[in-house]
Amino acid sequence: MIKSFPTIVAALAAVLAMAAPAVQAQDAKAGEGKAAMCIGCHGITGYQASFPEIHRVPMIAGQNAKYIQAALVEYQKGARKQPTMRAIAGSLTEKDMADLAAYYEQLGKGAAAPEAAAAPGGDVAALLTKGACASCHGANFSKPIDAAYPKIAGQYGDYLYVALKSYQVKHEALVGRGNAIMAGQVAAFSHRELKSIANYLASLPSELKAVPQSRFR
C-alpha cells in the first residue's frame, strides 16, 4: 500500500536522522586525488556494468554530495549489496567518502534543470502519482526534499530500472538494497511499470554528467 505524502515525509525524516553519515569536512581537491578507483567506471561516458544485468553505471558528476556519501556508507555497511561497490566502499574512510562526494558534486556544476519536468505521456503520470515520486525527488526530479536523496532527472534509464528493481529484492547475498522507504514505494509496481518510470525520468533535462577522465593525470 502506498503511503500518503505526510506519512512519507515523516518516515523520510526519521530515516535520515538515523542513517545520515557522520558530518565530515569536505575537501573537493582532496577528493580529486582519491578518485582513481572511481574513474574506471564513472569517468567513461556510457560505461556498462554486467552485474546483475548489463546496464550503464550511473552518472555521478553533479550529484548531491550528501547523497553520494550516504550511498557509499550504505555500500560499506551492506545495505546496498552490489559486490564491486561494496569492495570499493569498504576501503574508504569517512573522510575519503566526504572528499569524493564533494569532488563529484562540483565536477558536474553547470546549468540547472528546469523548475518543473515535462508532463509524461501515456500511463506514466499515474504511475508517478502512485509512487509519490515528486514528493521526495522534487517537481523536476532534480531537486529532492533533502540532499541525502538523489537527483534522478536525466539519469540513465537502464541504471534507474536496475536500481528500482533492486529495492524489491529480498534475501539475496549479492543483489538488493535495504532502504525501507523505497522498498515500500516500489513494492506495488511491476517490472514493466518500473521500466516506464525509469525511461521517462531518463528523458528529462539533467544536472548529472559523466565527465571523461584519464587515469594518467
# chains A, B, ... in the order shown; residues from 1 in each chain; ligands from 1

$ residues_around --residues "A:Asp123" --least-positions-apart "4" --cutoff "12 Å" --atoms "only C-alpha atoms" --output "ChimeraX atom specification"
/A:119,127-130,192-194,196-197,200

$ residues_around --residues "stretch 84-98 of chain A" --least-positions-apart "4" --cutoff "9 Å" --atoms "only C-alpha atoms" --output "MDAnalysis selection string"
chainID A and resid 21:28 30:31 34 37:38 65:66 68:70 72:78 80 102:103

$ closest_atom_pairs --of "stretch 38-150 of chain A" --to "stretch 173-181 of chain A" --cutoff "7 Å" --atoms "only C-alpha atoms" --output "Markdown table"
| residue | atom | partner | partner_atom | distance |
| --- | --- | --- | --- | --- |
| A:Ala79 | CA | A:Gly178 | CA | 4.8 |
| A:Arg80 | CA | A:Arg177 | CA | 4.5 |
| A:Lys81 | CA | A:Leu174 | CA | 5.2 |
| A:Gln82 | CA | A:Leu174 | CA | 5.8 |
| A:Pro83 | CA | A:Leu174 | CA | 6.3 |

$ select_by_dssp --residues "chain A" --states "strand (DSSP E)" --output "list in words"
Gln48, Ala49, His55 and Arg56 of chain A

$ closest_residue --among "A:Val211, A:Leu204, A:Asp146, A:Ala49" --to "A:Glu115" --atoms "only C-alpha atoms"
A:Leu204

$ residues_around --residues "A:Ala139" --least-positions-apart "2" --cutoff "12 Å" --atoms "only C-alpha atoms" --output "PyMOL selection string"
chain A and resi 113-119+128-129+132-137+141-145+151-153+201+204

$ residues_around --residues "A:Asp158" --least-positions-apart "2" --cutoff "12 Å" --atoms "only C-alpha atoms" --output "JSON list (two decimals) with C-alpha atoms, in the first residue's frame"
[["chain", "number", "residue", "atom", "x", "y", "z"],
["A", 46, "GLY", "CA", 28.20, 5.28, -21.14],
["A", 47, "TYR", "CA", 30.38, 2.65, -19.44],
["A", 48, "GLN", "CA", 28.40, -0.55, -18.85],
["A", 49, "ALA", "CA", 28.38, -2.89, -15.89],
["A", 50, "SER", "CA", 27.35, -6.52, -16.36],
["A", 52, "PRO", "CA", 23.28, -8.19, -12.02],
["A", 53, "GLU", "CA", 22.47, -7.41, -15.67],
["A", 54, "ILE", "CA", 24.02, -5.20, -18.35],
["A", 55, "HIS", "CA", 23.38, -1.53, -17.64],
["A", 56, "ARG", "CA", 25.24, 1.76, -17.73],
["A", 57, "VAL", "CA", 26.83, 2.82, -14.47],
["A", 58, "PRO", "CA", 25.22, 5.97, -13.07],
["A", 59, "MET", "CA", 26.34, 9.49, -13.84],
["A", 154, "GLY", "CA", 18.23, 12.53, -16.86],
["A", 155, "GLN", "CA", 19.95, 9.60, -15.17],
["A", 156, "TYR", "CA", 20.48, 6.58, -17.42],
["A", 160, "LEU", "CA", 17.35, 3.54, -12.88],
["A", 161, "TYR", "CA", 15.43, 0.42, -13.84],
["A", 162, "VAL", "CA", 18.01, -1.87, -12.22],
["A", 163, "ALA", "CA", 18.15, 0.35, -9.13],
["A", 164, "LEU", "CA", 14.37, 0.40, -8.72],
["A", 165, "LYS", "CA", 14.14, -3.36, -9.10],
["A", 194, "LEU", "CA", 9.25, 0.45, -13.23],
["A", 195, "LYS", "CA", 10.84, 0.47, -16.69],
["A", 196, "SER", "CA", 8.26, 3.01, -17.89],
["A", 197, "ILE", "CA", 9.06, 5.29, -14.94],
["A", 198, "ALA", "CA", 12.81, 4.88, -15.49],
["A", 199, "ASN", "CA", 12.58, 5.69, -19.20],
["A", 200, "TYR", "CA", 10.54, 8.83, -18.52],
["A", 201, "LEU", "CA", 12.98, 10.07, -15.89],
["A", 202, "ALA", "CA", 15.89, 9.41, -18.25],
["A", 203, "SER", "CA", 14.28, 11.64, -20.89]]

$ residues_around --residues "A:Glu207" --least-positions-apart "4" --cutoff "7 Å" --atoms "only C-alpha atoms" --output "list in words"
Gly62, Ala111, Ala112 and Ala113 of chain A

$ write_last_selection --atoms "N, CA and C atoms" --output "PDB file, in the first residue's frame"
ATOM      1  N   GLY A  62      27.905  16.051 -10.582  1.00  0.00           N
ATOM      2  CA  GLY A  62      26.757  16.931 -10.404  1.00  0.00           C
ATOM      3  C   GLY A  62      25.726  16.399  -9.427  1.00  0.00           C
ATOM      4  N   ALA A 111      24.499  24.200 -15.824  1.00  0.00           N
ATOM      5  CA  ALA A 111      23.143  24.719 -15.917  1.00  0.00           C
ATOM      6  C   ALA A 111      22.193  23.895 -15.067  1.00  0.00           C
ATOM      7  N   ALA A 112      21.277  24.577 -14.396  1.00  0.00           N
ATOM      8  CA  ALA A 112      20.281  23.904 -13.572  1.00  0.00           C
ATOM      9  C   ALA A 112      19.166  23.346 -14.440  1.00  0.00           C
ATOM     10  N   ALA A 113      18.538  22.290 -13.958  1.00  0.00           N
ATOM     11  CA  ALA A 113      17.383  21.727 -14.653  1.00  0.00           C
ATOM     12  C   ALA A 113      16.192  22.670 -14.511  1.00  0.00           C
TER      13      ALA A 113
END

$ atom_distance --atom1 "atom CA of A:Gln63" --atom2 "atom CA of A:Pro150"
6.8 Å

$ atom_distance --atom1 "atom CA of A:Cys41" --atom2 "atom CA of A:His171"
27.4 Å

$ atom_distance --atom1 "atom CA of A:Ser206" --atom2 "atom CA of A:Glu105"
13.5 Å

$ residues_around --residues "A:Tyr67" --least-positions-apart "3" --cutoff "7 Å" --atoms "only C-alpha atoms" --output "count of residues only"
7

$ select_by_dssp --residues "stretch 58-169 of chain A" --states "helix (DSSP H, G or I)" --output "ChimeraX atom specification"
/A:65-77,83-90,94-107,124-131,133-137,157-166

$ decode --residues "stretch 189-212 of chain A" --atoms "N, CA and C atoms" --output "compact mmCIF listing (two decimals), in the first residue's frame"
# COMPACT_ATOMS: atom_id res chain seq x y z
N PHE A 189 4.65 -2.07 -7.80
CA PHE A 189 4.85 -1.90 -9.24
C PHE A 189 5.38 -3.17 -9.88
N SER A 190 4.95 -3.41 -11.11
CA SER A 190 5.52 -4.48 -11.93
C SER A 190 6.83 -3.99 -12.53
N HIS A 191 7.63 -4.92 -13.05
CA HIS A 191 8.87 -4.52 -13.72
C HIS A 191 8.57 -3.66 -14.95
N ARG A 192 7.52 -3.96 -15.65
CA ARG A 192 7.16 -3.15 -16.82
C ARG A 192 6.87 -1.71 -16.40
N GLU A 193 6.17 -1.53 -15.29
CA GLU A 193 5.86 -0.19 -14.81
C GLU A 193 7.11 0.54 -14.34
N LEU A 194 8.00 -0.17 -13.67
CA LEU A 194 9.25 0.45 -13.23
C LEU A 194 10.09 0.89 -14.43
N LYS A 195 10.09 0.10 -15.49
CA LYS A 195 10.84 0.47 -16.69
C LYS A 195 10.24 1.72 -17.33
N SER A 196 8.91 1.83 -17.34
CA SER A 196 8.26 3.01 -17.89
C SER A 196 8.65 4.26 -17.11
N ILE A 197 8.66 4.16 -15.78
CA ILE A 197 9.06 5.29 -14.94
C ILE A 197 10.52 5.65 -15.22
N ALA A 198 11.39 4.65 -15.27
CA ALA A 198 12.81 4.88 -15.49
C ALA A 198 13.07 5.56 -16.83
N ASN A 199 12.38 5.10 -17.86
CA ASN A 199 12.58 5.69 -19.20
C ASN A 199 12.10 7.13 -19.25
N TYR A 200 11.01 7.44 -18.57
CA TYR A 200 10.54 8.83 -18.52
C TYR A 200 11.56 9.71 -17.81
N LEU A 201 12.01 9.27 -16.64
CA LEU A 201 12.98 10.07 -15.89
C LEU A 201 14.24 10.31 -16.70
N ALA A 202 14.67 9.29 -17.44
CA ALA A 202 15.89 9.41 -18.25
C ALA A 202 15.74 10.44 -19.36
N SER A 203 14.51 10.71 -19.78
CA SER A 203 14.28 11.64 -20.89
C SER A 203 14.33 13.11 -20.47
N LEU A 204 14.41 13.38 -19.17
CA LEU A 204 14.30 14.75 -18.67
C LEU A 204 15.65 15.48 -18.71
N PRO A 205 15.62 16.80 -18.81
CA PRO A 205 16.86 17.58 -18.68
C PRO A 205 17.54 17.29 -17.35
N SER A 206 18.85 17.22 -17.38
CA SER A 206 19.57 16.72 -16.21
C SER A 206 20.69 17.65 -15.76
N GLU A 207 21.00 17.59 -14.49
CA GLU A 207 22.19 18.23 -13.94
C GLU A 207 23.32 17.23 -13.78
N LEU A 208 23.06 15.99 -14.12
CA LEU A 208 24.05 14.93 -13.97
C LEU A 208 24.87 14.79 -15.24
N LYS A 209 26.12 14.37 -15.07
CA LYS A 209 27.02 14.21 -16.20
C LYS A 209 27.93 13.01 -15.96
N ALA A 210 28.43 12.46 -17.04
CA ALA A 210 29.58 11.56 -16.99
C ALA A 210 30.74 12.35 -17.59
N VAL A 211 31.67 12.76 -16.77
CA VAL A 211 32.78 13.60 -17.22
C VAL A 211 33.97 12.69 -17.54
N PRO A 212 34.36 12.60 -18.81
CA PRO A 212 35.51 11.75 -19.17
C PRO A 212 36.76 12.16 -18.40
